[in-house]
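Below is model36.txt, which holds compact mmCIF, N, CA and C atoms and all ligand atoms.
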```
# COMPACT_ATOMS: atom_id res chain seq x y z
N MET N 29 133.18 71.61 31.23
CA MET N 29 133.83 70.56 32.02
C MET N 29 134.62 69.63 31.08
N THR N 30 135.75 69.16 31.57
CA THR N 30 136.59 68.28 30.78
C THR N 30 136.71 66.93 31.47
N THR N 31 136.48 65.87 30.72
CA THR N 31 136.70 64.54 31.29
C THR N 31 138.21 64.30 31.35
N GLU N 32 138.67 63.96 32.55
CA GLU N 32 140.10 63.71 32.76
C GLU N 32 140.28 62.34 33.40
N ARG N 33 141.53 61.88 33.36
CA ARG N 33 141.92 60.70 34.14
C ARG N 33 143.02 61.11 35.11
N THR N 34 142.92 60.60 36.32
CA THR N 34 143.97 60.85 37.30
C THR N 34 144.37 59.53 37.94
N PHE N 35 145.44 59.59 38.72
CA PHE N 35 146.00 58.38 39.32
C PHE N 35 145.89 58.45 40.83
N SER N 36 145.52 57.32 41.43
CA SER N 36 145.33 57.24 42.89
C SER N 36 146.04 56.01 43.45
N ILE N 37 146.56 56.15 44.65
CA ILE N 37 147.06 54.98 45.39
C ILE N 37 146.34 54.93 46.73
N ILE N 38 145.76 53.78 47.04
CA ILE N 38 145.27 53.51 48.39
C ILE N 38 146.46 52.90 49.14
N LYS N 39 146.91 53.62 50.15
CA LYS N 39 148.21 53.32 50.77
C LYS N 39 148.13 52.18 51.80
N PRO N 40 149.31 51.68 52.25
CA PRO N 40 149.33 50.51 53.15
C PRO N 40 148.55 50.69 54.46
N ASP N 41 148.47 51.90 54.99
CA ASP N 41 147.70 52.07 56.25
C ASP N 41 146.22 51.76 56.02
N ALA N 42 145.74 52.08 54.81
CA ALA N 42 144.32 51.85 54.50
C ALA N 42 144.07 50.38 54.15
N THR N 43 144.96 49.76 53.37
CA THR N 43 144.74 48.34 53.05
C THR N 43 144.85 47.50 54.32
N ARG N 44 145.78 47.87 55.23
CA ARG N 44 145.97 47.11 56.48
C ARG N 44 144.69 47.13 57.32
N ARG N 45 143.98 48.27 57.28
CA ARG N 45 142.76 48.40 58.09
C ARG N 45 141.51 48.00 57.30
N ASN N 46 141.71 47.38 56.12
CA ASN N 46 140.61 46.88 55.30
C ASN N 46 139.68 48.02 54.85
N LEU N 47 140.29 49.14 54.45
CA LEU N 47 139.51 50.33 54.08
C LEU N 47 139.50 50.59 52.57
N THR N 48 139.89 49.59 51.76
CA THR N 48 139.88 49.79 50.30
C THR N 48 138.48 50.21 49.83
N GLY N 49 137.47 49.51 50.33
CA GLY N 49 136.10 49.84 49.91
C GLY N 49 135.65 51.20 50.44
N ALA N 50 136.01 51.51 51.68
CA ALA N 50 135.61 52.80 52.28
C ALA N 50 136.22 53.96 51.50
N VAL N 51 137.50 53.83 51.10
CA VAL N 51 138.14 54.88 50.31
C VAL N 51 137.47 55.00 48.95
N THR N 52 137.26 53.85 48.31
CA THR N 52 136.68 53.85 46.97
C THR N 52 135.26 54.42 47.00
N LYS N 53 134.52 54.14 48.06
CA LYS N 53 133.15 54.70 48.18
C LYS N 53 133.20 56.22 48.17
N LEU N 54 134.15 56.81 48.91
CA LEU N 54 134.24 58.27 48.94
C LEU N 54 134.65 58.82 47.57
N LEU N 55 135.54 58.10 46.89
CA LEU N 55 135.94 58.54 45.54
C LEU N 55 134.73 58.51 44.60
N GLU N 56 133.98 57.42 44.67
CA GLU N 56 132.82 57.27 43.77
C GLU N 56 131.74 58.29 44.10
N GLU N 57 131.52 58.54 45.39
CA GLU N 57 130.50 59.52 45.78
C GLU N 57 130.89 60.93 45.34
N ALA N 58 132.20 61.16 45.16
CA ALA N 58 132.66 62.46 44.68
C ALA N 58 132.49 62.60 43.16
N GLY N 59 132.06 61.52 42.50
CA GLY N 59 131.82 61.60 41.06
C GLY N 59 132.93 61.02 40.22
N LEU N 60 133.85 60.31 40.88
CA LEU N 60 134.95 59.68 40.15
C LEU N 60 134.63 58.22 39.86
N ARG N 61 135.05 57.76 38.69
CA ARG N 61 134.79 56.37 38.28
C ARG N 61 136.12 55.62 38.24
N VAL N 62 136.16 54.44 38.86
CA VAL N 62 137.38 53.63 38.84
C VAL N 62 137.43 52.89 37.51
N VAL N 63 138.36 53.27 36.63
CA VAL N 63 138.43 52.65 35.30
C VAL N 63 139.61 51.67 35.20
N ALA N 64 140.41 51.58 36.26
CA ALA N 64 141.46 50.55 36.37
C ALA N 64 141.83 50.44 37.83
N SER N 65 142.14 49.21 38.27
CA SER N 65 142.46 49.00 39.69
C SER N 65 143.25 47.72 39.84
N LYS N 66 144.31 47.77 40.60
CA LYS N 66 145.00 46.52 40.97
C LYS N 66 145.69 46.66 42.31
N ARG N 67 145.68 45.54 43.05
CA ARG N 67 146.32 45.48 44.36
C ARG N 67 147.71 44.89 44.15
N ILE N 68 148.72 45.63 44.58
CA ILE N 68 150.11 45.19 44.35
C ILE N 68 150.93 45.47 45.60
N HIS N 69 152.11 44.86 45.66
CA HIS N 69 153.07 45.20 46.70
C HIS N 69 154.24 45.88 45.99
N LEU N 70 154.43 47.18 46.24
CA LEU N 70 155.49 47.92 45.57
C LEU N 70 156.85 47.36 45.96
N SER N 71 157.76 47.30 45.00
CA SER N 71 159.14 46.98 45.31
C SER N 71 159.84 48.26 45.80
N LEU N 72 160.97 48.06 46.47
CA LEU N 72 161.77 49.22 46.91
C LEU N 72 162.10 50.11 45.72
N ARG N 73 162.52 49.48 44.64
CA ARG N 73 162.90 50.22 43.45
C ARG N 73 161.74 51.02 42.86
N GLN N 74 160.57 50.39 42.79
CA GLN N 74 159.37 51.09 42.27
C GLN N 74 159.03 52.30 43.15
N ALA N 75 159.04 52.09 44.49
CA ALA N 75 158.67 53.18 45.40
C ALA N 75 159.67 54.33 45.29
N GLU N 76 160.95 54.01 45.22
CA GLU N 76 161.97 55.06 45.10
C GLU N 76 161.82 55.83 43.80
N GLU N 77 161.50 55.11 42.73
CA GLU N 77 161.35 55.78 41.43
C GLU N 77 160.07 56.62 41.41
N PHE N 78 158.98 56.04 41.90
CA PHE N 78 157.70 56.76 41.88
C PHE N 78 157.79 58.06 42.66
N TYR N 79 158.45 58.03 43.82
CA TYR N 79 158.56 59.22 44.66
C TYR N 79 159.90 59.96 44.45
N GLY N 80 160.53 59.73 43.30
CA GLY N 80 161.83 60.32 43.01
C GLY N 80 161.89 61.83 43.19
N VAL N 81 160.77 62.50 42.93
CA VAL N 81 160.73 63.96 43.06
C VAL N 81 160.98 64.39 44.51
N HIS N 82 160.74 63.50 45.46
CA HIS N 82 160.93 63.81 46.89
C HIS N 82 162.26 63.30 47.44
N ARG N 83 163.15 62.85 46.56
CA ARG N 83 164.38 62.17 46.99
C ARG N 83 165.20 62.99 47.99
N GLU N 84 165.21 64.31 47.83
CA GLU N 84 166.03 65.15 48.71
C GLU N 84 165.31 65.55 50.00
N ARG N 85 164.05 65.19 50.12
CA ARG N 85 163.29 65.60 51.32
C ARG N 85 163.68 64.74 52.52
N PRO N 86 163.61 65.33 53.72
CA PRO N 86 164.03 64.56 54.91
C PRO N 86 163.15 63.33 55.17
N PHE N 87 161.91 63.35 54.65
CA PHE N 87 161.01 62.23 54.92
C PHE N 87 161.07 61.13 53.86
N PHE N 88 161.99 61.28 52.88
CA PHE N 88 161.99 60.35 51.73
C PHE N 88 162.15 58.88 52.16
N ASN N 89 163.15 58.58 52.99
CA ASN N 89 163.39 57.17 53.35
C ASN N 89 162.22 56.58 54.12
N ASP N 90 161.67 57.37 55.04
CA ASP N 90 160.51 56.89 55.80
C ASP N 90 159.31 56.67 54.88
N LEU N 91 159.13 57.59 53.93
CA LEU N 91 158.01 57.49 52.98
C LEU N 91 158.13 56.20 52.16
N VAL N 92 159.32 55.94 51.64
CA VAL N 92 159.53 54.74 50.83
C VAL N 92 159.32 53.49 51.68
N SER N 93 159.86 53.47 52.90
CA SER N 93 159.69 52.31 53.79
C SER N 93 158.21 52.06 54.06
N PHE N 94 157.49 53.15 54.31
CA PHE N 94 156.06 53.01 54.57
C PHE N 94 155.33 52.46 53.35
N MET N 95 155.66 52.97 52.18
CA MET N 95 154.92 52.57 50.97
C MET N 95 155.18 51.11 50.57
N ILE N 96 156.27 50.51 51.08
CA ILE N 96 156.52 49.09 50.79
C ILE N 96 156.19 48.21 52.00
N SER N 97 155.56 48.80 53.02
CA SER N 97 155.28 48.05 54.26
C SER N 97 154.07 47.12 54.14
N GLY N 98 153.32 47.24 53.05
CA GLY N 98 152.15 46.39 52.85
C GLY N 98 151.59 46.64 51.47
N PRO N 99 150.51 45.94 51.13
CA PRO N 99 149.92 46.13 49.80
C PRO N 99 149.35 47.53 49.60
N VAL N 100 149.31 47.94 48.36
CA VAL N 100 148.63 49.17 47.97
C VAL N 100 147.64 48.82 46.85
N VAL N 101 146.68 49.70 46.62
CA VAL N 101 145.79 49.54 45.47
C VAL N 101 146.00 50.75 44.57
N VAL N 102 146.51 50.49 43.36
CA VAL N 102 146.71 51.58 42.40
C VAL N 102 145.49 51.64 41.50
N GLN N 103 145.03 52.86 41.24
CA GLN N 103 143.78 53.03 40.49
C GLN N 103 143.90 54.18 39.48
N VAL N 104 143.17 54.04 38.39
CA VAL N 104 142.94 55.17 37.48
C VAL N 104 141.50 55.62 37.70
N LEU N 105 141.35 56.92 37.93
CA LEU N 105 140.03 57.50 38.18
C LEU N 105 139.68 58.43 37.03
N GLU N 106 138.42 58.37 36.61
CA GLU N 106 137.96 59.17 35.47
C GLU N 106 136.76 60.01 35.89
N GLY N 107 136.70 61.22 35.37
CA GLY N 107 135.54 62.07 35.65
C GLY N 107 135.79 63.50 35.19
N ASP N 108 134.77 64.34 35.32
CA ASP N 108 134.93 65.76 35.01
C ASP N 108 135.95 66.35 35.98
N ASN N 109 136.93 67.03 35.44
CA ASN N 109 137.97 67.65 36.27
C ASN N 109 138.50 66.68 37.33
N ALA N 110 138.83 65.48 36.90
CA ALA N 110 139.17 64.41 37.84
C ALA N 110 140.38 64.75 38.73
N VAL N 111 141.37 65.45 38.19
CA VAL N 111 142.57 65.75 39.00
C VAL N 111 142.18 66.59 40.21
N ALA N 112 141.48 67.70 39.96
CA ALA N 112 141.09 68.60 41.06
C ALA N 112 140.06 67.94 41.97
N LYS N 113 139.12 67.22 41.36
CA LYS N 113 138.07 66.56 42.15
C LYS N 113 138.69 65.55 43.12
N ASN N 114 139.66 64.79 42.64
CA ASN N 114 140.31 63.81 43.51
C ASN N 114 141.07 64.50 44.64
N ARG N 115 141.76 65.60 44.32
CA ARG N 115 142.51 66.32 45.36
C ARG N 115 141.54 66.87 46.41
N ASP N 116 140.38 67.33 45.95
CA ASP N 116 139.37 67.84 46.90
C ASP N 116 138.90 66.75 47.85
N VAL N 117 138.56 65.59 47.29
CA VAL N 117 137.99 64.53 48.15
C VAL N 117 139.08 63.89 49.02
N MET N 118 140.35 63.94 48.58
CA MET N 118 141.44 63.44 49.42
C MET N 118 141.62 64.30 50.67
N GLY N 119 141.56 65.61 50.51
CA GLY N 119 141.82 66.52 51.62
C GLY N 119 143.31 66.83 51.75
N ALA N 120 143.64 67.68 52.72
CA ALA N 120 145.03 68.14 52.89
C ALA N 120 145.95 66.97 53.22
N THR N 121 147.24 67.12 52.83
CA THR N 121 148.24 66.06 53.03
C THR N 121 148.26 65.60 54.49
N ASN N 122 148.23 66.57 55.40
CA ASN N 122 148.19 66.24 56.83
C ASN N 122 146.73 66.14 57.27
N PRO N 123 146.30 64.95 57.70
CA PRO N 123 144.88 64.78 58.07
C PRO N 123 144.42 65.78 59.13
N ALA N 124 145.36 66.27 59.95
CA ALA N 124 144.99 67.25 60.98
C ALA N 124 144.48 68.54 60.35
N ASN N 125 144.90 68.80 59.11
CA ASN N 125 144.48 70.04 58.42
C ASN N 125 143.38 69.80 57.39
N ALA N 126 142.92 68.56 57.27
CA ALA N 126 141.96 68.23 56.21
C ALA N 126 140.53 68.59 56.62
N ASP N 127 139.73 68.95 55.64
CA ASP N 127 138.32 69.30 55.89
C ASP N 127 137.50 68.05 56.22
N ALA N 128 136.44 68.26 57.00
CA ALA N 128 135.51 67.17 57.33
C ALA N 128 134.94 66.58 56.04
N GLY N 129 134.78 65.27 56.04
CA GLY N 129 134.19 64.59 54.89
C GLY N 129 135.22 64.13 53.88
N THR N 130 136.47 64.64 53.98
CA THR N 130 137.51 64.18 53.05
C THR N 130 138.07 62.84 53.52
N ILE N 131 138.69 62.14 52.58
CA ILE N 131 139.24 60.81 52.89
C ILE N 131 140.25 60.89 54.03
N ARG N 132 141.15 61.88 53.92
CA ARG N 132 142.21 61.94 54.94
C ARG N 132 141.66 62.34 56.31
N LYS N 133 140.65 63.23 56.35
CA LYS N 133 140.09 63.60 57.65
C LYS N 133 139.37 62.42 58.28
N GLU N 134 138.62 61.70 57.44
CA GLU N 134 137.77 60.63 57.98
C GLU N 134 138.55 59.34 58.25
N LEU N 135 139.61 59.08 57.47
CA LEU N 135 140.23 57.74 57.51
C LEU N 135 141.72 57.73 57.82
N ALA N 136 142.45 58.81 57.55
CA ALA N 136 143.92 58.74 57.64
C ALA N 136 144.41 58.79 59.08
N GLU N 137 145.65 58.31 59.26
CA GLU N 137 146.24 58.22 60.60
C GLU N 137 147.23 59.34 60.89
N SER N 138 148.00 59.77 59.87
CA SER N 138 149.06 60.75 60.09
C SER N 138 149.49 61.31 58.74
N ILE N 139 150.42 62.29 58.76
CA ILE N 139 150.88 62.88 57.49
C ILE N 139 151.56 61.81 56.62
N GLU N 140 152.19 60.82 57.23
CA GLU N 140 152.81 59.75 56.45
C GLU N 140 151.77 58.68 56.09
N ALA N 141 151.07 58.20 57.08
CA ALA N 141 150.05 57.17 56.85
C ALA N 141 148.74 57.88 56.52
N ASN N 142 148.75 58.56 55.35
CA ASN N 142 147.61 59.42 55.02
C ASN N 142 146.66 58.82 53.97
N SER N 143 146.69 57.49 53.91
CA SER N 143 145.66 56.66 53.23
C SER N 143 145.62 56.73 51.72
N VAL N 144 145.88 57.89 51.13
CA VAL N 144 145.79 58.01 49.67
C VAL N 144 146.86 58.93 49.10
N HIS N 145 147.23 58.62 47.87
CA HIS N 145 148.02 59.53 47.03
C HIS N 145 147.15 59.89 45.83
N GLY N 146 147.28 61.12 45.35
CA GLY N 146 146.60 61.50 44.11
C GLY N 146 147.47 62.43 43.30
N SER N 147 147.42 62.29 41.99
CA SER N 147 148.24 63.14 41.11
C SER N 147 147.93 64.61 41.34
N ASP N 148 148.97 65.45 41.25
CA ASP N 148 148.78 66.89 41.51
C ASP N 148 148.60 67.71 40.24
N SER N 149 148.70 67.08 39.06
CA SER N 149 148.47 67.80 37.80
C SER N 149 148.10 66.78 36.73
N LEU N 150 147.52 67.27 35.65
CA LEU N 150 147.14 66.37 34.54
C LEU N 150 148.39 65.74 33.93
N GLU N 151 149.45 66.51 33.85
CA GLU N 151 150.70 66.01 33.28
C GLU N 151 151.27 64.88 34.15
N ASN N 152 151.31 65.11 35.47
CA ASN N 152 151.82 64.05 36.35
C ASN N 152 150.88 62.84 36.38
N ALA N 153 149.59 63.10 36.22
CA ALA N 153 148.63 61.98 36.17
C ALA N 153 148.98 61.04 35.02
N ALA N 154 149.26 61.60 33.86
CA ALA N 154 149.58 60.77 32.70
C ALA N 154 150.85 59.95 32.96
N THR N 155 151.85 60.59 33.57
CA THR N 155 153.11 59.90 33.87
C THR N 155 152.88 58.78 34.88
N GLU N 156 152.11 59.10 35.93
CA GLU N 156 151.89 58.12 37.01
C GLU N 156 151.02 56.96 36.53
N ILE N 157 150.01 57.25 35.69
CA ILE N 157 149.18 56.17 35.14
C ILE N 157 150.06 55.23 34.31
N ALA N 158 150.91 55.80 33.47
CA ALA N 158 151.76 54.99 32.59
C ALA N 158 152.79 54.18 33.39
N PHE N 159 153.11 54.65 34.60
CA PHE N 159 154.07 53.93 35.46
C PHE N 159 153.50 52.56 35.87
N PHE N 160 152.17 52.48 36.02
CA PHE N 160 151.55 51.26 36.57
C PHE N 160 150.63 50.51 35.61
N PHE N 161 150.13 51.19 34.57
CA PHE N 161 149.10 50.55 33.74
C PHE N 161 149.46 50.62 32.26
N LYS N 162 149.16 49.50 31.57
CA LYS N 162 149.21 49.51 30.11
C LYS N 162 147.87 50.05 29.61
N PRO N 163 147.83 50.65 28.43
CA PRO N 163 146.58 51.24 27.94
C PRO N 163 145.42 50.25 27.96
N ASP N 164 145.66 48.96 27.62
CA ASP N 164 144.54 48.02 27.55
C ASP N 164 144.07 47.54 28.93
N GLU N 165 144.72 47.99 29.99
CA GLU N 165 144.26 47.66 31.36
C GLU N 165 143.29 48.72 31.89
N ILE N 166 143.08 49.78 31.11
CA ILE N 166 142.20 50.87 31.52
C ILE N 166 140.93 50.78 30.67
N VAL N 167 139.81 50.58 31.37
CA VAL N 167 138.55 50.37 30.64
C VAL N 167 137.54 51.41 31.10
N GLY N 168 137.32 52.41 30.28
CA GLY N 168 136.43 53.51 30.64
C GLY N 168 134.98 53.21 30.28
P1 LIG K 1 151.71 61.89 48.79
O1 LIG K 1 150.60 62.66 48.15
O2 LIG K 1 151.72 60.43 48.56
O3 LIG K 1 153.10 62.50 48.31
C1 LIG K 1 154.26 62.48 49.13
C2 LIG K 1 154.02 61.94 50.48
O4 LIG K 1 155.00 62.17 51.44
C3 LIG K 1 152.79 62.61 51.05
O5 LIG K 1 151.64 62.13 50.38
C4 LIG K 1 152.88 62.24 52.52
O6 LIG K 1 152.18 61.06 52.86
C5 LIG K 1 154.37 61.95 52.70
N1 LIG K 1 154.97 62.77 53.74
C6 LIG K 1 155.55 62.27 54.84
N2 LIG K 1 156.01 63.29 55.60
C7 LIG K 1 155.73 64.45 54.96
C8 LIG K 1 155.95 65.83 55.24
N3 LIG K 1 156.58 66.23 56.36
N4 LIG K 1 155.50 66.74 54.35
C9 LIG K 1 154.87 66.34 53.21
N5 LIG K 1 154.64 65.04 52.90
C10 LIG K 1 155.06 64.11 53.76
```

Here is a file; write its structure as structure tokens.
Ligand code: CMP
Amino acid sequence: MTTERTFSIIKPDATRRNLTGAVTKLLEEAGLRVVASKRIHLSLRQAEEFYGVHRERPFFNDLVSFMISGPVVVQVLEGDNAVAKNRDVMGATNPANADAGTIRKELAESIEANSVHGSDSLENAATEIAFFFKPDEIVG
């Protein structure tokens, strides 16, 4: 097993419904440790840059509008195989397709308001962590 760090966002639908703790509980129960966390309101520019890979997708403008519609909680998660473990506990992108017990099945509202984002690879995790956190803000 390899200790990894991955990046997570608790999205505006979850902060609006006061589910920061409920999401974090499921992450922690899955064996992930929160080693950095901050509640922020993304700027338009930050959201467009963060989701730049989706710029050509038809849902891009709606996604960006949603992500700046309220506060988010950005987190660094640490644990054995953290990238895959986080994707497992998040569940499928569309909550309708997510397995029981996953964050999206239990808490999410829709494919857009799907409560959490998680890095899809170790390489992207490093990029996404560096987008929001300085090294000294991460305490393992
Ligand atoms: P996330 O993991 O944050 O990465 C991109 C996001 O786009 C995704 O979660 C979804 O919330 C959002 N999204 C909105 N509509 C779609 C769609 N039709 N297909 C995939 N992702 C979508």

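Inspection of the environment of ligand LIG 1 (chain K), which uses only N, CA and C atoms and all ligand atoms and a cut-off of 5 Å, identifies the neighbouring residues as N:Ile139, N:Glu140, N:Asn142, N:His145, N:Gly146.
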
I'd like the contact shell of Gln103 in chain N - 8 Å cut-off, only C-alpha atoms, skipping same-chain residues fewer than 3 positions apart - returned as a PDB file with N, CA and C atoms, in the frame of the given file.
```
ATOM      1  N   PHE N  35     145.440  59.590  38.720  1.00  0.00           N
ATOM      2  CA  PHE N  35     146.000  58.380  39.320  1.00  0.00           C
ATOM      3  C   PHE N  35     145.890  58.450  40.830  1.00  0.00           C
ATOM      4  N   SER N  36     145.520  57.320  41.430  1.00  0.00           N
ATOM      5  CA  SER N  36     145.330  57.240  42.890  1.00  0.00           C
ATOM      6  C   SER N  36     146.040  56.010  43.450  1.00  0.00           C
ATOM      7  N   ILE N  37     146.560  56.150  44.650  1.00  0.00           N
ATOM      8  CA  ILE N  37     147.060  54.980  45.390  1.00  0.00           C
ATOM      9  C   ILE N  37     146.340  54.930  46.730  1.00  0.00           C
ATOM     10  N   VAL N  62     136.160  54.440  38.860  1.00  0.00           N
ATOM     11  CA  VAL N  62     137.380  53.630  38.840  1.00  0.00           C
ATOM     12  C   VAL N  62     137.430  52.890  37.510  1.00  0.00           C
ATOM     13  N   VAL N  63     138.360  53.270  36.630  1.00  0.00           N
ATOM     14  CA  VAL N  63     138.430  52.650  35.300  1.00  0.00           C
ATOM     15  C   VAL N  63     139.610  51.670  35.200  1.00  0.00           C
ATOM     16  N   ALA N  64     140.410  51.580  36.260  1.00  0.00           N
ATOM     17  CA  ALA N  64     141.460  50.550  36.370  1.00  0.00           C
ATOM     18  C   ALA N  64     141.830  50.440  37.830  1.00  0.00           C
ATOM     19  N   SER N  65     142.140  49.210  38.270  1.00  0.00           N
ATOM     20  CA  SER N  65     142.460  49.000  39.690  1.00  0.00           C
ATOM     21  C   SER N  65     143.250  47.720  39.840  1.00  0.00           C
ATOM     22  N   LYS N  66     144.310  47.770  40.600  1.00  0.00           N
ATOM     23  CA  LYS N  66     145.000  46.520  40.970  1.00  0.00           C
ATOM     24  C   LYS N  66     145.690  46.660  42.310  1.00  0.00           C
TER      25      LYS N  66
END
```

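Minimum distance to Ala75 in chain N across N:Ile96, N:Leu60, N:Arg115, N:Ile38 (counting only N, CA and C atoms) occurs at N:Ile96.
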
As a list in words, which residues of range 57-129 of chain N does DSSP assign to strand (DSSP E)? Arg61, Val62, Val63, Ala64, Ser65, Lys66, Arg67, Ile68, Val100, Val101, Val102, Gln103, Val104, Leu105, Glu106, Gly107 and Asp108 of chain N

Using only C-alpha atoms, determine which residues lie at most 9 Å from Ser149 in chain N, disregarding the query and same-chain residues fewer than 2 positions distant; provide the list as a list in words. Thr34, Val111, Ala112, Ser147, Glu151, Asn152, Ala153 and Ala154 of chain N

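Pairwise distance (atom N of Phe161 in chain N, atom N of Arg33 in chain N) equals 13.8 Å.
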
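Shortest atom-to-atom contact with Glu137 in chain N among N:Val104, N:Asp41, N:Phe160, N:Leu91: N:Asp41, counting all atoms listed in the file.
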
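Distance-wise, CA of Arg73 in chain N and CA of Gly98 in chain N end up 14.8 Å apart.
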
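For the pair CA of Val51 in chain N and CA of Val144 in chain N, the separation is 8.3 Å.
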